[in-house]
$ cat protein27.txt   # compact mmCIF, C-alpha atoms and all ligand atoms
# COMPACT_ATOMS: atom_id res chain seq x y z
CA MET L 499 -12.78 31.53 0.37
CA MET L 500 -13.11 27.91 -0.60
CA SER L 501 -15.25 27.12 2.45
CA LEU L 502 -17.61 30.10 2.06
CA PRO L 503 -21.00 28.60 1.10
CA LYS L 504 -21.98 29.79 -2.35
CA ALA L 505 -24.27 29.16 -5.29
CA GLU L 506 -22.89 28.86 -8.80
CA LEU L 507 -25.23 30.45 -11.35
CA HIS L 508 -23.10 30.62 -14.49
CA LEU L 509 -21.59 27.28 -15.38
CA HIS L 510 -21.63 25.46 -18.72
CA ILE L 511 -21.49 21.76 -17.95
CA GLU L 512 -19.65 21.10 -21.24
CA GLY L 513 -17.08 23.64 -20.05
CA THR L 514 -16.19 21.42 -17.10
CA LEU L 515 -14.68 18.76 -19.36
CA GLU L 516 -11.11 18.40 -18.07
CA PRO L 517 -8.46 17.08 -20.50
CA GLU L 518 -8.06 13.85 -18.48
CA LEU L 519 -11.77 13.05 -18.71
CA ALA L 520 -11.83 14.06 -22.40
CA PHE L 521 -9.16 11.45 -23.17
CA GLU L 522 -10.84 8.85 -20.98
CA LEU L 523 -14.17 9.32 -22.78
CA ALA L 524 -12.45 9.41 -26.18
CA ALA L 525 -10.89 6.01 -25.46
CA ARG L 526 -14.15 4.60 -24.13
CA ASN L 527 -16.07 5.76 -27.21
CA GLY L 528 -13.44 5.10 -29.89
CA VAL L 529 -13.18 8.81 -30.72
CA THR L 530 -9.83 10.14 -31.95
CA LEU L 531 -8.90 13.60 -30.71
CA PRO L 532 -6.49 15.71 -32.78
CA TYR L 533 -4.14 16.01 -29.77
CA ALA L 534 -1.52 13.45 -28.72
CA ASP L 535 -2.15 13.73 -24.98
CA THR L 536 -3.50 15.93 -22.20
CA GLU L 537 -0.37 18.04 -22.19
CA GLU L 538 -0.68 18.85 -25.89
CA LEU L 539 -4.38 19.55 -25.42
CA ARG L 540 -3.70 21.95 -22.56
CA LYS L 541 -1.36 23.89 -24.83
CA ALA L 542 -4.36 24.65 -27.05
CA TYR L 543 -5.96 26.56 -24.14
CA GLN L 544 -4.61 29.93 -25.25
CA PHE L 545 -7.56 31.96 -26.40
CA GLU L 546 -7.70 35.23 -28.31
CA ASP L 547 -11.40 35.84 -27.83
CA LEU L 548 -14.73 34.10 -27.31
CA GLN L 549 -14.78 32.47 -30.76
CA SER L 550 -11.32 30.92 -30.45
CA PHE L 551 -12.47 29.30 -27.20
CA LEU L 552 -15.79 28.16 -28.66
CA ASN L 553 -13.98 26.35 -31.49
CA LEU L 554 -12.16 24.10 -29.02
CA TYR L 555 -15.19 23.81 -26.72
CA TYR L 556 -17.35 22.44 -29.56
CA GLU L 557 -14.54 20.24 -30.90
CA LEU L 558 -14.00 18.43 -27.59
CA MET L 559 -17.71 17.71 -27.21
CA ALA L 560 -17.18 14.89 -29.73
CA VAL L 561 -16.21 12.64 -26.81
CA LEU L 562 -19.63 13.04 -25.10
CA ARG L 563 -21.83 10.32 -26.55
CA THR L 564 -23.73 8.26 -23.98
CA GLU L 565 -25.85 8.90 -20.89
CA ARG L 566 -22.94 7.60 -18.83
CA ASP L 567 -20.62 10.21 -20.39
CA PHE L 568 -22.93 13.06 -19.38
CA GLU L 569 -23.34 11.49 -15.94
CA ASP L 570 -19.57 11.24 -15.44
CA LEU L 571 -19.09 14.81 -16.65
CA ALA L 572 -21.68 16.22 -14.24
CA ASN L 573 -20.55 14.07 -11.35
CA ALA L 574 -16.94 15.22 -11.74
CA TYR L 575 -18.08 18.86 -11.75
CA LEU L 576 -20.31 18.44 -8.68
CA ALA L 577 -17.48 16.82 -6.70
CA ARG L 578 -15.10 19.68 -7.55
CA ALA L 579 -17.75 22.32 -6.92
CA ALA L 580 -18.60 20.83 -3.52
CA ALA L 581 -14.90 20.94 -2.57
CA GLN L 582 -14.95 24.69 -3.32
CA GLY L 583 -17.94 25.48 -1.13
CA VAL L 584 -20.72 25.28 -3.73
CA ARG L 585 -24.05 24.35 -2.09
CA HIS L 586 -26.26 25.00 -5.10
CA ALA L 587 -25.55 25.01 -8.85
CA GLU L 588 -27.72 26.23 -11.73
CA ILE L 589 -26.16 24.42 -14.64
CA PHE L 590 -26.28 25.40 -18.32
CA PHE L 591 -26.25 22.81 -21.06
CA ASP L 592 -26.10 23.24 -24.86
CA PRO L 593 -28.42 20.62 -26.43
CA GLN L 594 -28.03 21.95 -29.98
CA ALA L 595 -24.33 21.13 -29.92
CA HIS L 596 -25.26 17.51 -29.14
CA LEU L 597 -28.36 17.20 -31.33
CA ALA L 598 -26.19 18.27 -34.29
CA ARG L 599 -23.95 15.25 -33.61
CA GLY L 600 -26.85 12.82 -33.47
CA ILE L 601 -27.03 12.70 -29.67
CA GLY L 602 -30.66 12.93 -28.53
CA MET L 603 -32.11 15.33 -25.97
CA GLY L 604 -33.02 12.30 -23.84
CA THR L 605 -29.40 11.07 -23.69
CA VAL L 606 -28.20 14.48 -22.56
CA VAL L 607 -30.91 15.24 -19.99
CA GLU L 608 -31.24 11.71 -18.59
CA GLY L 609 -27.45 11.39 -18.42
CA LEU L 610 -26.99 14.69 -16.58
CA TRP L 611 -29.92 13.79 -14.33
CA ARG L 612 -28.27 10.56 -13.20
CA ALA L 613 -25.66 12.77 -11.51
CA LEU L 614 -27.90 15.72 -10.57
CA GLY L 615 -30.60 13.49 -9.08
CA ARG L 616 -28.24 12.20 -6.39
CA SER L 617 -26.13 15.32 -5.98
CA GLU L 618 -27.72 16.64 -2.75
CA GLU L 619 -27.18 13.28 -1.13
CA GLN L 620 -23.75 12.58 -2.62
CA HIS L 621 -22.16 16.02 -2.72
CA GLY L 622 -24.41 18.27 -0.64
CA VAL L 623 -25.10 20.37 -3.74
CA SER L 624 -28.65 21.12 -4.91
CA THR L 625 -28.99 21.63 -8.64
CA ARG L 626 -31.13 23.08 -11.41
CA LEU L 627 -30.75 22.74 -15.19
CA ILE L 628 -30.94 25.64 -17.64
CA LEU L 629 -31.25 24.84 -21.34
CA CYS L 630 -29.24 27.28 -23.47
CA PHE L 631 -29.96 28.19 -27.07
CA LEU L 632 -26.96 28.76 -29.31
CA ARG L 633 -27.37 32.33 -30.51
CA ASP L 634 -25.22 31.78 -33.63
CA GLN L 635 -27.81 29.25 -34.83
CA SER L 636 -31.21 30.22 -36.19
CA ALA L 637 -34.29 31.20 -34.20
CA GLU L 638 -36.10 28.27 -35.87
CA SER L 639 -33.48 25.85 -34.55
CA ALA L 640 -33.94 27.31 -31.05
CA MET L 641 -37.71 26.79 -31.31
CA GLU L 642 -37.19 23.17 -32.45
CA THR L 643 -34.85 22.64 -29.50
CA LEU L 644 -37.44 23.94 -27.05
CA GLU L 645 -39.97 21.59 -28.66
CA ALA L 646 -37.53 18.64 -28.30
CA ALA L 647 -37.16 19.50 -24.61
CA ARG L 648 -40.92 19.33 -23.92
CA PRO L 649 -40.83 15.78 -22.48
CA TYR L 650 -38.06 16.82 -20.05
CA LEU L 651 -39.40 20.14 -18.77
CA ASP L 652 -39.92 18.77 -15.26
CA ARG L 653 -36.12 18.66 -15.07
CA ILE L 654 -35.40 22.05 -16.62
CA ILE L 655 -35.99 25.27 -14.68
CA GLY L 656 -35.27 27.78 -17.41
CA VAL L 657 -33.68 28.84 -20.66
CA GLY L 658 -30.52 30.77 -21.47
CA LEU L 659 -28.71 32.11 -24.50
CA ASP L 660 -25.02 31.56 -25.19
CA SER L 661 -22.29 31.08 -27.84
CA ALA L 662 -20.96 33.79 -30.22
CA GLU L 663 -22.62 37.03 -29.13
CA VAL L 664 -21.69 39.79 -31.56
CA GLY L 665 -24.07 39.91 -34.55
CA HIS L 666 -26.67 37.79 -32.73
CA PRO L 667 -28.69 40.26 -30.66
CA PRO L 668 -31.33 39.07 -28.20
CA VAL L 669 -34.20 40.27 -30.45
CA LYS L 670 -33.50 37.28 -32.72
CA PHE L 671 -34.87 35.01 -29.95
CA ARG L 672 -37.91 37.01 -28.88
CA GLU L 673 -40.47 34.40 -30.01
CA VAL L 674 -38.69 31.42 -28.47
CA TYR L 675 -38.37 33.29 -25.15
CA GLU L 676 -42.09 34.10 -25.29
CA ALA L 677 -42.78 30.39 -25.84
CA ALA L 678 -40.46 29.47 -22.96
CA ALA L 679 -42.21 31.94 -20.64
CA ALA L 680 -45.60 30.47 -21.64
CA LEU L 681 -44.25 27.05 -20.58
CA GLY L 682 -43.42 28.47 -17.15
CA LEU L 683 -39.65 28.53 -17.69
CA ARG L 684 -37.36 31.10 -16.05
CA ARG L 685 -35.27 33.24 -18.41
CA VAL L 686 -31.63 34.34 -18.43
CA ALA L 687 -29.27 35.29 -21.27
CA HIS L 688 -25.62 36.02 -21.87
CA ALA L 689 -25.37 39.71 -22.77
CA GLY L 690 -22.64 42.30 -22.66
CA GLU L 691 -19.74 39.83 -22.61
CA GLU L 692 -18.37 40.79 -26.03
CA GLY L 693 -21.58 42.42 -27.22
CA PRO L 694 -22.56 46.06 -26.58
CA PRO L 695 -24.63 47.39 -23.64
CA GLU L 696 -27.67 47.60 -25.97
CA TYR L 697 -27.82 43.78 -25.95
CA ILE L 698 -28.30 43.89 -22.16
CA THR L 699 -31.23 46.30 -22.54
CA GLU L 700 -32.71 44.10 -25.29
CA ALA L 701 -32.38 40.97 -23.16
CA LEU L 702 -34.30 42.73 -20.36
CA ASP L 703 -36.98 44.37 -22.51
CA LEU L 704 -37.51 41.83 -25.29
CA LEU L 705 -36.62 38.51 -23.66
CA GLY L 706 -37.77 39.31 -20.13
CA VAL L 707 -34.64 37.92 -18.49
CA GLU L 708 -34.44 37.92 -14.68
CA ARG L 709 -30.66 37.69 -14.60
CA VAL L 710 -27.94 38.76 -17.01
CA ASP L 711 -25.02 36.42 -17.66
CA HIS L 712 -21.78 38.45 -17.70
CA GLY L 713 -23.31 41.89 -18.30
CA LEU L 714 -19.80 43.30 -17.94
CA ARG L 715 -20.20 45.96 -20.62
CA CYS L 716 -23.09 47.64 -18.77
CA MET L 717 -20.32 49.78 -17.28
CA GLU L 718 -20.12 51.68 -20.59
CA ASP L 719 -23.67 53.00 -20.06
CA PRO L 720 -24.32 54.82 -16.75
CA ALA L 721 -28.10 54.94 -17.36
CA LEU L 722 -28.15 51.17 -17.82
CA VAL L 723 -26.12 50.68 -14.62
CA GLU L 724 -28.65 52.85 -12.79
CA ARG L 725 -31.49 50.73 -14.15
CA LEU L 726 -29.82 47.42 -13.21
CA VAL L 727 -29.24 48.75 -9.69
CA ARG L 728 -32.80 50.08 -9.37
CA GLU L 729 -34.38 46.87 -10.67
CA ARG L 730 -31.91 44.72 -8.73
CA ILE L 731 -31.10 42.62 -11.79
CA PRO L 732 -28.31 40.19 -10.83
CA LEU L 733 -25.24 39.86 -13.03
CA THR L 734 -23.39 36.54 -13.15
CA LEU L 735 -19.77 37.60 -13.57
CA CYS L 736 -16.93 35.24 -14.47
CA PRO L 737 -13.64 37.02 -13.75
CA LEU L 738 -11.15 34.32 -14.83
CA SER L 739 -13.18 33.75 -18.02
CA ASN L 740 -13.02 37.47 -18.78
CA VAL L 741 -9.23 37.38 -18.48
CA ARG L 742 -8.78 34.26 -20.63
CA LEU L 743 -11.17 35.49 -23.35
CA ARG L 744 -9.71 38.98 -23.15
CA ALA L 745 -12.91 40.77 -22.22
CA VAL L 746 -10.59 42.59 -19.79
CA ASP L 747 -6.85 43.28 -20.16
CA ASP L 748 -5.96 41.61 -16.89
CA LEU L 749 -7.60 40.63 -13.62
CA ALA L 750 -6.28 43.73 -11.87
CA GLY L 751 -8.26 45.80 -14.35
CA HIS L 752 -11.53 43.91 -13.83
CA PRO L 753 -14.45 46.26 -13.13
CA LEU L 754 -15.91 44.07 -10.33
CA PRO L 755 -14.97 46.51 -7.51
CA ALA L 756 -16.48 49.42 -9.43
CA MET L 757 -19.57 47.34 -10.14
CA LEU L 758 -20.02 46.54 -6.44
CA ASP L 759 -19.43 50.20 -5.54
CA ALA L 760 -22.13 51.16 -8.05
CA GLY L 761 -24.58 48.96 -6.16
CA LEU L 762 -24.96 46.24 -8.81
CA VAL L 763 -26.06 42.80 -7.61
CA CYS L 764 -22.91 40.94 -8.69
CA THR L 765 -22.17 37.24 -8.39
CA VAL L 766 -18.90 35.43 -9.11
CA ASN L 767 -18.93 32.23 -11.17
CA SER L 768 -16.60 30.01 -13.17
CA ASP L 769 -18.25 29.80 -16.66
CA ASP L 770 -16.09 27.04 -18.22
CA PRO L 771 -13.73 26.11 -15.38
CA ALA L 772 -11.83 23.35 -17.20
CA TYR L 773 -10.77 25.90 -19.82
CA PHE L 774 -10.31 29.10 -17.82
CA GLY L 775 -8.01 27.99 -15.05
CA GLY L 776 -10.28 27.69 -12.07
CA TYR L 777 -13.50 26.65 -10.39
CA VAL L 778 -15.70 29.08 -8.51
CA GLY L 779 -13.65 29.07 -5.30
CA ASP L 780 -10.58 29.84 -7.41
CA ASN L 781 -12.46 32.80 -8.92
CA PHE L 782 -13.31 34.05 -5.40
CA ASP L 783 -9.67 33.65 -4.32
CA ALA L 784 -8.39 35.43 -7.42
CA VAL L 785 -10.67 38.46 -7.06
CA GLY L 786 -10.06 38.57 -3.31
CA LYS L 787 -6.32 38.65 -3.78
CA THR L 788 -5.82 40.58 -7.02
CA LEU L 789 -8.64 43.09 -6.60
CA GLY L 790 -8.12 43.45 -2.86
CA LEU L 791 -11.76 42.73 -2.01
CA SER L 792 -12.48 42.69 1.71
CA GLN L 793 -13.93 39.68 3.52
CA GLU L 794 -17.17 41.63 3.76
CA ARG L 795 -17.25 42.12 -0.02
CA LEU L 796 -16.57 38.44 -0.62
CA ARG L 797 -19.35 37.52 1.78
CA GLU L 798 -21.64 39.93 -0.07
CA LEU L 799 -20.82 38.13 -3.34
CA ALA L 800 -21.63 34.76 -1.78
CA ARG L 801 -24.87 36.11 -0.28
CA ASN L 802 -25.86 37.58 -3.66
CA SER L 803 -25.41 34.18 -5.29
CA PHE L 804 -28.21 32.72 -3.17
CA VAL L 805 -30.47 35.75 -3.52
CA ALA L 806 -30.00 35.69 -7.31
CA SER L 807 -30.64 31.94 -7.53
CA PHE L 808 -33.90 30.33 -8.56
CA LEU L 809 -34.22 28.65 -5.17
CA GLU L 810 -37.41 29.30 -3.20
CA ASP L 811 -36.91 31.24 0.06
CA ASP L 812 -37.01 28.18 2.31
CA GLU L 813 -34.61 26.22 0.05
CA GLU L 814 -32.32 29.26 -0.06
CA ARG L 815 -32.14 29.46 3.73
CA ARG L 816 -31.28 25.80 3.95
CA ALA L 817 -28.54 26.04 1.32
CA ARG L 818 -26.57 28.94 2.80
C1 LIG I 1 -19.45 30.44 -23.15
CL1 LIG I 1 -17.77 32.15 -21.91
C2 LIG I 1 -19.10 31.76 -22.93
N1 LIG I 1 -19.71 32.76 -23.58
C3 LIG I 1 -20.69 32.46 -24.43
N2 LIG I 1 -21.09 31.22 -24.68
C4 LIG I 1 -20.47 30.21 -24.05
N3 LIG I 1 -20.66 28.88 -24.10
C5 LIG I 1 -19.79 28.31 -23.27
N4 LIG I 1 -19.04 29.25 -22.69
ZN ZN I 2 -21.05 31.61 -20.14
$ encode --input "protein27.txt" --output "C-alpha cells"
Amino acid sequence: MMSLPKAELHLHIEGTLEPELAFELAARNGVTLPYADTEELRKAYQFEDLQSFLNLYYELMAVLRTERDFEDLANAYLARAAAQGVRHAEIFFDPQAHLARGIGMGTVVEGLWRALGRSEEQHGVSTRLILCFLRDQSAESAMETLEAARPYLDRIIGVGLDSAEVGHPPVKFREVYEAAAALGLRRVAHAGEEGPPEYITEALDLLGVERVDHGLRCMEDPALVERLVRERIPLTLCPLSNVRLRAVDDLAGHPLPAMLDAGLVCTVNSDDPAYFGGYVGDNFDAVGKTLGLSQERLRELARNSFVASFLEDDEERRAR
C-alpha cells in the first residue's frame, strides 16, 4: 500500500525527528543530549502512555534551533512521505514548545517553509501548515501564540490542539478558537485519544472543529458515533501511535474495522512516525495485514484522506 496515493492529515513535524538527525543537529548546534548514541536513544522509545512519550518528544526538541534545522527536519519528512505514496500533507507544528526555548515564531515558520515551499516541485507533495496550541499550557499562552503567528498567517491554514489531553478539555480554548475562526483559520483538535468522548463533543460544539484528531474513544458513545457519521466529521486515526501509547492493547484489537463498518469517515496517519515505528504507508500496511482490511477498504481510507483534507476540489482531483 506504499504506492497508493494518499494525504497525511495527522502528522507532528517535531515527531518526525529521527535519532540520526537528532544527533546530527545536536552536534551542529553544540547541544548535548543525555544519550550516548542513536542506539541508546532508541531504547528510550518504550512508552507507557501519552505523557511518557511527550516527555521525550519535548526533550529532543532542544536540538532544533535554526531555520536550517526546521528546513532539514521538514525536508527529511517530505522525502520519506513521498516514498510512501503521500501526495499531500497537512503538517502540525508546536510553536509554544519552541517559543519557550527562545526560538522565535519566524525561525520556525520560515524554516519549515524553506522545505514546504519547494515540496511540490522536489517531492511531488503539496503541503499545508496547522499551528497547534499545547492544551497543557494556559489559554492566555495560546492566545499570545496566535498573536505571534499573525505575520505568518498566509502560510498557516488552520489551528489544532495537542499535548496532554486529560484534564485539559476543549472548553479551555473556546476564545482562542473563536479568534482563530475570525482570522479565517480552519479548526481541528485532538480529542478522544486518552480523553473521554465528551471532549469530542466539546471540540465540535465549542471549538467548531471540522475534523477530529484521533477521536478513537467515540466508540464508547453510540449516539456520538451516529452524529459523527451523520455530519460526516472525519477522524484522523493513527493506529501505530495508539499501540505505542497504549490507547489500544494491541493492533489486532484496534477498532478501525468497527469504525469503518459504523460508517465513520476514517483516515489513517502516522502522528509521530520517528517515535511510533512507522510512516503512513507503514500504518496502511500494518492495518491491512493485522486487521485483515480488504484492498477496497484500504482504497476507501486513501480516498477519505483527500476528501477530509483542506484542499479545494480542483487541487484534490490533481493530488489523487
Ligand atoms: C502527540 Cl500522539 C500525540 N497526542 C497529543 N499530542 C501530541 N503531540 C505530539 N504527538
Ligand atoms: Zn497527534
$ closest_residue --input "protein27.txt" --among "L:Cys736, L:Ala534, L:Val674, L:Val664" --to "ligand ZN 2 (chain I)" --atoms "all atoms listed in the file"
L:Cys736
$ residues_near_ligand --input "protein27.txt" --ligand "ligand ZN 2 (chain I)" --cutoff "8 Å" --atoms "all atoms listed in the file" --output "compact mmCIF listing (two decimals) with C-alpha atoms, keeping the file's coordinate frame"
# COMPACT_ATOMS: atom_id res chain seq x y z
CA HIS L 508 -23.10 30.62 -14.49
CA LEU L 509 -21.59 27.28 -15.38
CA HIS L 510 -21.63 25.46 -18.72
CA ASP L 660 -25.02 31.56 -25.19
CA SER L 661 -22.29 31.08 -27.84
CA HIS L 688 -25.62 36.02 -21.87
CA ASP L 711 -25.02 36.42 -17.66
CA HIS L 712 -21.78 38.45 -17.70
CA CYS L 736 -16.93 35.24 -14.47
CA ASP L 769 -18.25 29.80 -16.66
CA ASP L 770 -16.09 27.04 -18.22
$ closest_residue --input "protein27.txt" --among "L:Arg742, L:Arg648, L:Arg709, L:His586" --to "Thr625 in chain L" --atoms "all atoms listed in the file"
L:His586
$ closest_atom_pairs --input "protein27.txt" --of "chain L" --to "ligand LIG 1 (chain I)" --cutoff "9 Å" --atoms "all atoms listed in the file" --output "tab-separated table"
residue	atom	partner	partner_atom	distance
L:Leu509	CA	I:LIG1	N4	8.0
L:His510	CA	I:LIG1	C5	5.7
L:Ile511	CA	I:LIG1	C5	8.6
L:Glu512	CA	I:LIG1	C5	7.5
L:Gly513	CA	I:LIG1	C5	6.3
L:Leu548	CA	I:LIG1	N1	6.4
L:Gln549	CA	I:LIG1	C3	8.7
L:Phe551	CA	I:LIG1	N4	8.0
L:Leu552	CA	I:LIG1	N3	6.7
L:Tyr555	CA	I:LIG1	C5	7.3
L:Tyr556	CA	I:LIG1	C5	8.9
L:Phe590	CA	I:LIG1	C5	8.7
L:Phe591	CA	I:LIG1	C5	8.8
L:Asp592	CA	I:LIG1	N3	7.9
L:Cys630	CA	I:LIG1	N3	8.8
L:Leu632	CA	I:LIG1	N2	7.9
L:Arg633	CA	I:LIG1	N2	8.6
L:Leu659	CA	I:LIG1	N2	7.7
L:Asp660	CA	I:LIG1	N2	4.0
L:Ser661	CA	I:LIG1	N2	3.4
L:Ala662	CA	I:LIG1	C3	5.9
L:Glu663	CA	I:LIG1	C3	6.8
L:His688	CA	I:LIG1	C3	6.6
L:Ala689	CA	I:LIG1	C3	8.8
L:Glu691	CA	I:LIG1	N1	7.1
L:Glu692	CA	I:LIG1	N1	8.5
L:Asp711	CA	I:LIG1	N1	8.8
L:His712	CA	I:LIG1	N1	8.4
L:Cys736	CA	I:LIG1	CL1	8.1
L:Ser739	CA	I:LIG1	CL1	6.2
L:Asn740	CA	I:LIG1	CL1	7.8
L:Leu743	CA	I:LIG1	CL1	7.5
L:Asp769	CA	I:LIG1	CL1	5.8
L:Asp770	CA	I:LIG1	N4	5.8
$ write_last_selection --input "protein27.txt" --atoms "C-alpha atoms" --output "PDB file, in the frame of the given file"
ATOM      1  CA  LEU L 509     -21.590  27.280 -15.380  1.00  0.00           C
ATOM      2  CA  HIS L 510     -21.630  25.460 -18.720  1.00  0.00           C
ATOM      3  CA  ILE L 511     -21.490  21.760 -17.950  1.00  0.00           C
ATOM      4  CA  GLU L 512     -19.650  21.100 -21.240  1.00  0.00           C
ATOM      5  CA  GLY L 513     -17.080  23.640 -20.050  1.00  0.00           C
ATOM      6  CA  LEU L 548     -14.730  34.100 -27.310  1.00  0.00           C
ATOM      7  CA  GLN L 549     -14.780  32.470 -30.760  1.00  0.00           C
ATOM      8  CA  PHE L 551     -12.470  29.300 -27.200  1.00  0.00           C
ATOM      9  CA  LEU L 552     -15.790  28.160 -28.660  1.00  0.00           C
ATOM     10  CA  TYR L 555     -15.190  23.810 -26.720  1.00  0.00           C
ATOM     11  CA  TYR L 556     -17.350  22.440 -29.560  1.00  0.00           C
ATOM     12  CA  PHE L 590     -26.280  25.400 -18.320  1.00  0.00           C
ATOM     13  CA  PHE L 591     -26.250  22.810 -21.060  1.00  0.00           C
ATOM     14  CA  ASP L 592     -26.100  23.240 -24.860  1.00  0.00           C
ATOM     15  CA  CYS L 630     -29.240  27.280 -23.470  1.00  0.00           C
ATOM     16  CA  LEU L 632     -26.960  28.760 -29.310  1.00  0.00           C
ATOM     17  CA  ARG L 633     -27.370  32.330 -30.510  1.00  0.00           C
ATOM     18  CA  LEU L 659     -28.710  32.110 -24.500  1.00  0.00           C
ATOM     19  CA  ASP L 660     -25.020  31.560 -25.190  1.00  0.00           C
ATOM     20  CA  SER L 661     -22.290  31.080 -27.840  1.00  0.00           C
ATOM     21  CA  ALA L 662     -20.960  33.790 -30.220  1.00  0.00           C
ATOM     22  CA  GLU L 663     -22.620  37.030 -29.130  1.00  0.00           C
ATOM     23  CA  HIS L 688     -25.620  36.020 -21.870  1.00  0.00           C
ATOM     24  CA  ALA L 689     -25.370  39.710 -22.770  1.00  0.00           C
ATOM     25  CA  GLU L 691     -19.740  39.830 -22.610  1.00  0.00           C
ATOM     26  CA  GLU L 692     -18.370  40.790 -26.030  1.00  0.00           C
ATOM     27  CA  ASP L 711     -25.020  36.420 -17.660  1.00  0.00           C
ATOM     28  CA  HIS L 712     -21.780  38.450 -17.700  1.00  0.00           C
ATOM     29  CA  CYS L 736     -16.930  35.240 -14.470  1.00  0.00           C
ATOM     30  CA  SER L 739     -13.180  33.750 -18.020  1.00  0.00           C
ATOM     31  CA  ASN L 740     -13.020  37.470 -18.780  1.00  0.00           C
ATOM     32  CA  LEU L 743     -11.170  35.490 -23.350  1.00  0.00           C
ATOM     33  CA  ASP L 769     -18.250  29.800 -16.660  1.00  0.00           C
ATOM     34  CA  ASP L 770     -16.090  27.040 -18.220  1.00  0.00           C
TER      35      ASP L 770
END
$ residues_around --input "protein27.txt" --residues "Met499 in chain L" --least-positions-apart "4" --cutoff "8 Å" --atoms "all atoms listed in the file" --output "list in words"
Gly779, Phe782, Asp783 and Leu796 of chain L
$ write_last_selection --input "protein27.txt" --atoms "C-alpha atoms" --output "compact mmCIF listing (two decimals), keeping the file's coordinate frame"
# COMPACT_ATOMS: atom_id res chain seq x y z
CA GLY L 779 -13.65 29.07 -5.30
CA PHE L 782 -13.31 34.05 -5.40
CA ASP L 783 -9.67 33.65 -4.32
CA LEU L 796 -16.57 38.44 -0.62
$ closest_residue --input "protein27.txt" --among "L:Ala745, L:Ala800, L:His752, L:Val785" --to "Glu546 in chain L" --atoms "all atoms listed in the file"
L:Ala745
$ closest_residue --input "protein27.txt" --among "L:Lys504, L:Arg653, L:Arg540, L:Arg672" --to "Val607 in chain L" --atoms "only C-alpha atoms"
L:Arg653
$ residues_near_point --input "protein27.txt" --point "(-21.1, 45.4, -19.4)" --cutoff "10 Å" --atoms "only C-alpha atoms" --output "PyMOL selection string"
chain L and resi 689-698+710-719+722-723+733+735+745+753+757
$ atom_distance --input "protein27.txt" --atom1 "CA of Gly656 in chain L" --atom2 "CA of Thr643 in chain L"
13.1 Å
$ atom_distance --input "protein27.txt" --atom1 "CA of Arg728 in chain L" --atom2 "CA of Glu676 in chain L"
24.4 Å
$ decode --input "protein27.txt" --residues "range 533-574 of chain L" --atoms "C-alpha atoms" --output "JSON list (two decimals), in the first residue's frame"
[["chain", "number", "residue", "atom", "x", "y", "z"],
["L", 533, "TYR", "CA", 22.00, 9.69, 25.43],
["L", 534, "ALA", "CA", 25.34, 8.27, 24.28],
["L", 535, "ASP", "CA", 24.24, 7.42, 20.73],
["L", 536, "THR", "CA", 21.28, 6.65, 18.50],
["L", 537, "GLU", "CA", 21.06, 3.11, 19.80],
["L", 538, "GLU", "CA", 20.76, 4.26, 23.41],
["L", 539, "LEU", "CA", 18.23, 6.88, 22.36],
["L", 540, "ARG", "CA", 16.11, 4.30, 20.55],
["L", 541, "LYS", "CA", 15.98, 2.26, 23.74],
["L", 542, "ALA", "CA", 14.14, 5.17, 25.36],
["L", 543, "TYR", "CA", 11.28, 4.70, 22.86],
["L", 544, "GLN", "CA", 9.26, 2.48, 25.18],
["L", 545, "PHE", "CA", 6.21, 4.43, 26.19],
["L", 546, "GLU", "CA", 3.64, 3.76, 28.89],
["L", 547, "ASP", "CA", 1.18, 6.42, 27.80],
["L", 548, "LEU", "CA", 0.91, 9.79, 26.07],
["L", 549, "GLN", "CA", 2.77, 11.69, 28.80],
["L", 550, "SER", "CA", 5.79, 9.39, 28.82],
["L", 551, "PHE", "CA", 6.12, 9.96, 25.07],
["L", 552, "LEU", "CA", 5.62, 13.72, 25.36],
["L", 553, "ASN", "CA", 8.49, 13.95, 27.87],
["L", 554, "LEU", "CA", 10.96, 12.59, 25.32],
["L", 555, "TYR", "CA", 9.34, 14.47, 22.42],
["L", 556, "TYR", "CA", 9.83, 17.82, 24.19],
["L", 557, "GLU", "CA", 13.32, 16.89, 25.42],
["L", 558, "LEU", "CA", 14.64, 16.12, 21.92],
["L", 559, "MET", "CA", 13.33, 19.41, 20.54],
["L", 560, "ALA", "CA", 16.36, 21.04, 22.18],
["L", 561, "VAL", "CA", 18.34, 20.24, 19.02],
["L", 562, "LEU", "CA", 16.02, 22.34, 16.79],
["L", 563, "ARG", "CA", 17.44, 25.86, 16.86],
["L", 564, "THR", "CA", 17.85, 27.48, 13.45],
["L", 565, "GLU", "CA", 15.78, 27.93, 10.29],
["L", 566, "ARG", "CA", 18.05, 25.38, 8.64],
["L", 567, "ASP", "CA", 17.23, 22.83, 11.36],
["L", 568, "PHE", "CA", 13.49, 23.17, 10.74],
["L", 569, "GLU", "CA", 14.11, 23.04, 6.99],
["L", 570, "ASP", "CA", 16.16, 19.84, 7.28],
["L", 571, "LEU", "CA", 13.54, 18.28, 9.56],
["L", 572, "ALA", "CA", 10.68, 19.02, 7.17],
["L", 573, "ASN", "CA", 12.66, 18.05, 4.09],
["L", 574, "ALA", "CA", 13.56, 14.67, 5.58]]
